[in-house]
file target.txt (compact mmCIF, C-alpha atoms)
# COMPACT_ATOMS: atom_id res chain seq x y z
CA MET V 158 47.73 -12.71 55.79
CA MET V 159 45.11 -14.47 53.67
CA VAL V 160 44.59 -13.17 50.13
CA ASP V 161 40.99 -12.94 48.99
CA ASN V 162 41.31 -14.61 45.61
CA SER V 163 37.60 -14.26 44.89
CA ALA V 164 37.80 -10.48 45.32
CA GLN V 165 40.83 -10.32 43.02
CA LEU V 166 39.08 -12.42 40.40
CA HIS V 167 35.99 -10.23 40.62
CA GLN V 168 38.06 -7.08 40.21
CA SER V 169 39.90 -8.62 37.26
CA HIS V 170 36.58 -9.58 35.66
CA GLN V 171 35.24 -6.04 36.09
CA SER V 172 38.38 -4.57 34.51
CA ASP V 173 38.10 -6.99 31.61
CA GLN V 174 34.44 -6.07 31.08
CA LEU V 175 35.30 -2.35 31.17
CA GLY V 176 38.00 -2.87 28.56
CA ARG V 177 35.53 -4.62 26.27
CA LEU V 178 32.97 -1.85 26.69
CA LEU V 179 35.58 0.78 25.81
CA ILE V 180 36.51 -1.12 22.65
CA LEU V 181 32.87 -1.33 21.60
CA ALA V 182 32.38 2.39 22.29
CA SER V 183 35.33 3.47 20.12
CA SER V 184 34.51 5.34 16.91
CA ASN V 185 38.08 4.82 15.65
CA LEU V 186 39.02 1.20 16.24
CA PRO V 187 38.02 -1.39 15.37
CA ILE V 188 35.29 -0.30 12.93
CA GLY V 189 35.98 3.28 11.85
CA SER V 190 32.44 4.58 12.38
CA TYR V 191 33.86 8.13 12.36
CA THR V 192 33.59 8.00 8.55
CA TYR V 193 29.78 8.14 8.85
CA SER V 194 27.64 11.05 10.05
CA GLN V 195 24.29 9.19 10.44
CA GLY V 196 22.37 11.96 8.67
CA VAL V 197 24.14 14.90 10.32
CA GLU V 198 25.95 16.09 7.19
CA ALA V 199 22.73 16.13 5.16
CA ALA V 200 20.98 18.01 8.00
CA ILE V 201 23.74 20.64 7.87
CA GLU V 202 23.49 20.93 4.08
CA SER V 203 19.71 21.37 4.27
CA GLY V 204 19.90 24.01 7.02
CA VAL V 205 18.30 21.89 9.76
CA ILE V 206 21.57 22.14 11.68
CA SER V 207 23.39 25.48 11.65
CA ASP V 208 24.75 26.18 15.14
CA GLU V 209 25.11 24.70 18.63
CA ALA V 210 21.45 25.12 19.56
CA SER V 211 20.05 23.52 16.40
CA THR V 212 22.62 20.71 16.63
CA LEU V 213 21.46 19.90 20.15
CA VAL V 214 17.78 19.90 19.14
CA PHE V 215 18.44 17.59 16.16
CA MET V 216 20.48 15.16 18.23
CA GLN V 217 18.05 15.16 21.14
CA ASP V 218 15.32 14.15 18.70
CA TYR V 219 17.58 11.49 17.19
CA LEU V 220 18.41 10.14 20.65
CA GLU V 221 14.78 10.03 21.76
CA LEU V 222 13.21 8.71 18.56
CA ALA V 223 15.88 6.58 16.88
CA VAL V 224 18.18 5.41 19.67
CA ILE V 225 15.96 5.15 22.76
CA GLY V 226 12.76 4.74 20.79
CA TYR V 227 13.95 1.86 18.63
CA GLU V 228 17.57 0.77 18.44
CA LEU V 229 18.25 0.20 22.14
CA PRO V 230 15.05 -1.82 22.71
CA ILE V 231 15.90 -4.00 19.69
CA LEU V 232 19.45 -4.42 20.99
CA GLY V 233 18.10 -5.48 24.37
CA LEU V 234 15.50 -7.85 22.90
CA ILE V 235 18.10 -9.63 20.75
CA MET V 236 20.40 -10.00 23.77
CA GLN V 237 17.54 -11.33 25.87
CA ALA V 238 16.49 -13.80 23.18
CA LEU V 239 20.06 -15.08 22.82
CA SER V 240 20.45 -15.41 26.59
CA GLN V 241 17.31 -17.55 26.75
CA GLY V 242 18.30 -19.74 23.83
CA HIS V 243 15.60 -18.35 21.52
CA ASP V 244 17.91 -18.14 18.51
CA ALA V 245 15.08 -18.11 15.97
CA LEU V 246 13.49 -15.12 17.70
CA ALA V 247 16.86 -13.31 17.84
CA ALA V 248 17.27 -13.91 14.10
CA SER V 249 13.74 -12.65 13.41
CA LEU V 250 14.40 -9.46 15.40
CA ALA V 251 17.65 -8.98 13.49
CA HIS V 252 15.89 -9.41 10.13
CA ASP V 253 13.25 -6.85 11.15
CA TYR V 254 15.95 -4.39 12.20
CA HIS V 255 17.69 -4.74 8.84
CA ALA V 256 14.39 -4.24 7.00
CA SER V 257 13.70 -1.09 9.05
CA LEU V 258 16.71 0.78 7.62
CA GLU V 259 14.99 3.27 5.36
CA SER V 260 17.72 4.41 2.97
CA LYS V 261 20.42 2.80 0.89
CA GLU V 262 23.06 4.73 2.84
CA PHE V 263 21.87 3.48 6.21
CA VAL V 264 21.84 -0.11 4.91
CA LEU V 265 25.39 0.21 3.56
CA GLU V 266 26.60 1.88 6.76
CA SER V 267 25.19 -0.91 8.91
CA GLN V 268 26.59 -3.65 6.67
CA GLN V 269 30.03 -2.07 6.31
CA LEU V 270 30.39 -1.50 10.04
CA ALA V 271 29.40 -5.12 10.64
CA GLN V 272 31.96 -6.34 8.10
CA ALA V 273 34.69 -4.25 9.76
CA MET V 274 33.76 -5.64 13.18
CA VAL V 275 33.73 -9.22 11.89
CA ALA V 276 37.20 -8.75 10.42
CA TRP V 277 38.44 -7.57 13.82
CA LEU V 278 36.72 -10.40 15.69
CA ASN V 279 38.09 -13.03 13.34
CA GLU V 280 41.61 -11.69 12.81
CA VAL V 281 42.37 -10.26 16.26
CA LEU V 282 40.30 -12.45 18.59
CA ASN V 283 40.07 -15.54 16.36
CA LEU V 284 36.41 -15.97 17.24
CA GLY V 285 35.24 -17.30 13.89
CA VAL V 286 31.95 -15.40 13.64
CA PRO V 287 29.26 -17.46 11.84
CA THR V 288 28.55 -16.09 8.36
CA GLU V 289 24.86 -15.46 8.99
CA VAL V 290 25.36 -13.31 12.12
CA PRO V 291 26.60 -10.08 10.43
CA GLU V 292 24.19 -10.29 7.47
CA ASP V 293 21.59 -8.09 9.18
CA GLY V 294 24.03 -5.32 10.01
CA PHE V 295 25.91 -3.81 12.90
CA LEU V 296 23.33 -3.60 15.70
CA PRO V 297 22.44 -7.32 15.68
CA LEU V 298 26.14 -8.17 15.54
CA PHE V 299 26.76 -5.80 18.48
CA ALA V 300 24.05 -7.66 20.43
CA HIS V 301 25.70 -11.01 19.69
CA ILE V 302 29.09 -9.72 20.85
CA ALA V 303 27.66 -8.18 24.02
CA GLN V 304 25.86 -11.40 24.89
CA HIS V 305 28.92 -13.52 24.05
CA TRP V 306 30.97 -11.37 26.42
CA GLN V 307 28.17 -11.54 29.02
CA LEU V 308 27.85 -7.79 29.28
CA SER V 309 24.76 -6.51 31.05
CA MET V 310 21.92 -5.14 28.96
CA ALA V 311 22.16 -1.68 30.56
CA GLN V 312 25.93 -1.54 29.96
CA SER V 313 25.47 -2.60 26.36
CA MET V 314 22.74 -0.05 25.76
CA SER V 315 24.85 2.74 27.28
CA THR V 316 27.88 1.77 25.20
CA TYR V 317 25.99 1.50 21.91
CA GLY V 318 24.10 4.74 22.56
CA PHE V 319 27.19 6.71 23.55
CA ALA V 320 29.10 5.52 20.48
CA GLN V 321 26.26 6.75 18.26
CA LEU V 322 26.05 10.14 19.97
CA GLU V 323 29.78 10.80 20.11
CA ASN V 324 30.12 10.01 16.42
CA MET V 325 27.31 12.39 15.47
CA VAL V 326 28.71 15.18 17.64
CA LEU V 327 32.16 14.75 16.09
CA ALA V 328 30.59 15.02 12.64
CA ALA V 329 28.89 18.27 13.64
CA VAL V 330 32.05 19.70 15.20
CA LYS V 331 33.92 19.11 11.94
CA THR V 332 31.19 20.17 9.52
CA VAL V 333 29.02 22.97 11.01
CA PRO V 334 31.70 23.75 12.24
CA LEU V 335 31.42 23.90 16.03
CA GLY V 336 34.11 24.54 18.61
CA GLN V 337 35.36 21.69 20.75
CA MET V 338 33.67 23.09 23.86
CA ALA V 339 30.35 23.40 22.04
CA GLY V 340 30.67 19.77 21.02
CA GLN V 341 31.46 18.77 24.59
CA ARG V 342 28.44 20.67 25.91
CA ILE V 343 26.18 18.91 23.43
CA LEU V 344 27.62 15.47 24.14
CA TRP V 345 27.39 16.00 27.90
CA GLN V 346 23.69 16.86 27.70
CA LEU V 347 22.94 13.95 25.39
CA GLN V 348 24.86 11.51 27.58
CA ARG V 349 23.01 12.70 30.69
CA LYS V 350 19.68 12.12 28.96
CA LEU V 351 20.77 8.67 27.80
CA SER V 352 22.07 7.69 31.25
CA ALA V 353 18.84 8.84 32.89
CA GLN V 354 16.79 6.42 30.76
CA VAL V 355 18.96 3.35 30.22
CA ASP V 356 18.22 1.50 33.45
CA THR V 357 14.47 2.02 33.12
CA LEU V 358 14.55 1.01 29.46
CA SER V 359 16.58 -2.11 30.23
CA ASP V 360 14.06 -3.13 32.91
CA ARG V 361 11.15 -2.52 30.52
CA VAL V 362 12.71 -4.69 27.84
CA GLN V 363 13.38 -7.53 30.27
CA ARG V 364 9.85 -7.38 31.69
CA ALA V 365 8.26 -7.30 28.24
CA PHE V 366 10.31 -10.29 27.18
CA GLU V 367 9.52 -12.23 30.33
CA ASP V 368 5.81 -11.45 30.04
CA LEU V 369 5.78 -12.85 26.52
CA THR V 370 8.10 -15.82 26.97
CA THR V 371 5.03 -18.00 27.17
CA ALA V 372 4.68 -17.06 23.50
CA GLN V 373 7.56 -19.48 22.97
CA GLU V 374 4.81 -22.08 23.28
CA ILE V 375 3.46 -20.60 20.04
CA VAL V 376 6.78 -21.34 18.38
CA ASP V 377 6.70 -24.90 19.67
CA THR V 378 3.09 -25.36 18.65
CA LEU V 379 3.65 -23.95 15.17
CA ALA V 380 6.91 -25.77 14.61
CA ALA V 381 6.12 -26.13 10.95
CA SER V 382 5.93 -22.34 10.60
CA GLU V 383 8.50 -21.09 13.08
CA ASP V 384 9.20 -17.93 11.10
CA GLN V 385 5.55 -16.93 11.24
CA ALA V 386 5.39 -17.59 14.97
CA CYS V 387 8.52 -15.50 15.57
CA GLN V 388 7.07 -12.66 13.52
CA ARG V 389 3.94 -12.72 15.67
CA LEU V 390 6.07 -12.62 18.80
CA CYS V 391 8.12 -9.71 17.40
CA GLN V 392 4.93 -7.76 16.75
CA ASP V 393 3.73 -8.41 20.30
CA LEU V 394 7.05 -7.20 21.69
CA TYR V 395 6.93 -4.04 19.56
CA LYS V 396 3.42 -3.28 20.79
CA SER V 397 4.32 -3.97 24.39
CA LEU V 398 7.31 -1.60 24.24
CA ASN V 399 5.67 0.87 21.82
CA ILE V 400 8.70 0.95 19.54
CA SER V 401 9.01 1.94 15.89
CA ASN V 402 11.65 3.08 13.42
CA ASN V 403 9.27 5.16 11.31
CA LEU V 404 11.34 8.36 10.91
CA PRO V 405 10.47 9.75 7.45
CA ASN V 406 12.32 13.06 7.82
CA LEU V 407 15.55 11.28 8.72
CA ALA V 408 15.07 8.91 5.78
CA ILE V 409 14.60 11.90 3.45
CA LEU V 410 17.78 13.56 4.75
CA SER V 411 19.71 10.33 4.26
CA SER V 412 18.38 9.95 0.71
CA MET V 413 19.33 13.56 -0.06
CA HIS V 414 22.84 12.86 1.18
CA GLU V 415 23.27 10.16 -1.47
CA GLU V 416 23.28 12.90 -4.12
CA GLN V 417 24.95 15.67 -2.12
CA TYR V 418 27.52 17.33 -4.35
CA SER V 419 30.31 17.70 -1.80
CA ARG V 420 30.51 15.62 1.34
CA LEU V 421 32.98 14.45 3.97
CA PHE V 422 31.07 11.45 5.31
CA ARG V 423 29.66 8.24 3.88
CA SER V 424 26.18 8.70 5.36
call {"tool": "encode", "arguments": {"input": "target.txt", "output": "structure tokens"}}
result
Amino acid sequence: MMVDNSAQLHQSHQSDQLGRLLILASSNLPIGSYTYSQGVEAAIESGVISDEASTLVFMQDYLELAVIGYELPILGLIMQALSQGHDALAASLAHDYHASLESKEFVLESQQLAQAMVAWLNEVLNLGVPTEVPEDGFLPLFAHIAQHWQLSMAQSMSTYGFAQLENMVLAAVKTVPLGQMAGQRILWQLQRKLSAQVDTLSDRVQRAFEDLTTAQEIVDTLAASEDQACQRLCQDLYKSLNISNNLPNLAILSSMHEEQYSRLFRS
């Protein structure tokens, strides 16, 4: 009986990809993101979050405005730029992401998570991550890892988004406090909403990038000012996808958390 080696290799590849996705989704190892609440603890202290219903509303807004409305498109654009060899554009997108972090706590969180991930990549996988890659924080580094491992954009978006949501729900379960079942109900509803939009969002990002790839000609034409050309292209991509990280209320909560008298989390 003939053995279908190609089928076995495909199955092995799928299992390997799944294992990598699970590692990236973990809030425990390798980066310890469970030590951050991403604004949840400050929202509890200020009374914005007080029970299951208000927790769900806050996190639905966060998912829609911060994750789907900005972070996932940026993640996808960086992956797409890297896949097409547009390293300068990927770097420009990463710089813009870093600049968009509106509080000291969010900057430190992003940088510290990136440093923890780099330590894991270097010491466990021996990848030797270039020094400049983690400088702009965790999301751009995540995009580099996902592209290096040849994960699909939709898979990467789902993994990054789920990791964010699970971490926030865990923070609320510990701090409101909420029961485990309440936390599971919230996470289930958030995950369903994320799953319902990821494929469409991934397609939108790819189309927007493809429609503007001719703008690479701008980069070539303005070789003496590549940074300026990349910034123009970034702006065109933002407009095309209608994305923004302008969330003043979240920034205020994060700033309040810096001076919160008693806290469990680092953001």
call {"tool": "atom_distance", "arguments": {"input": "target.txt", "atom1": "atom CA of V:Ile400", "atom2": "atom CA of V:Glu228"}}
result
8.9 Å
call {"tool": "atom_distance", "arguments": {"input": "target.txt", "atom1": "atom CA of V:Asn406", "atom2": "atom CA of V:Thr212"}}
result
15.6 Å
call {"tool": "closest_residue", "arguments": {"input": "target.txt", "among": "V:Leu296, V:Leu178, V:Ala276, V:Leu347", "to": "V:Leu232", "atoms": "all atoms listed in the file"}}
result
V:Leu296
call {"tool": "residues_near_point", "arguments": {"input": "target.txt", "point": "(13.8, -5.4, 21.6)", "cutoff": "9 Å", "atoms": "all atoms listed in the file", "output": "VMD selection string"}}
result
chain V and resid 227 to 238 250 362 to 363 365 to 366 391 394 to 395 398 400
call {"tool": "atom_distance", "arguments": {"input": "target.txt", "atom1": "atom CA of V:Arg364", "atom2": "atom CA of V:Leu246"}}
result
16.4 Å
call {"tool": "residues_around", "arguments": {"input": "target.txt", "residues": "V:Asp253", "least_positions_apart": "5", "cutoff": "9 Å", "atoms": "only C-alpha atoms", "output": "MDAnalysis selection string"}}
result
chainID V and resid 248 293 388 391
call {"tool": "closest_residue", "arguments": {"input": "target.txt", "among": "V:Lys350, V:Lys261, V:His305, V:Arg342", "to": "V:Ser240", "atoms": "only C-alpha atoms"}}
result
V:His305
call {"tool": "residues_around", "arguments": {"input": "target.txt", "residues": "V:Ala339", "least_positions_apart": "4", "cutoff": "10 Å", "atoms": "only C-alpha atoms", "output": "list of chain:residue names"}}
result
V:Asp208, V:Glu209, V:Ala210, V:Thr212, V:Leu213, V:Val326, V:Ala329, V:Val330, V:Pro334, V:Leu335, V:Ile343, V:Leu344, V:Trp345
call {"tool": "residues_around", "arguments": {"input": "target.txt", "residues": "V:Gly318", "least_positions_apart": "2", "cutoff": "8 Å", "atoms": "all atoms listed in the file", "output": "PyMOL selection string"}}
result
chain V and resi 224+229+314-316+320-322+351
call {"tool": "write_last_selection", "arguments": {"input": "target.txt", "atoms": "C-alpha atoms", "output": "compact mmCIF listing (two decimals), in the frame of the given file"}}
result
# COMPACT_ATOMS: atom_id res chain seq x y z
CA VAL V 224 18.18 5.41 19.67
CA LEU V 229 18.25 0.20 22.14
CA MET V 314 22.74 -0.05 25.76
CA SER V 315 24.85 2.74 27.28
CA THR V 316 27.88 1.77 25.20
CA ALA V 320 29.10 5.52 20.48
CA GLN V 321 26.26 6.75 18.26
CA LEU V 322 26.05 10.14 19.97
CA LEU V 351 20.77 8.67 27.80
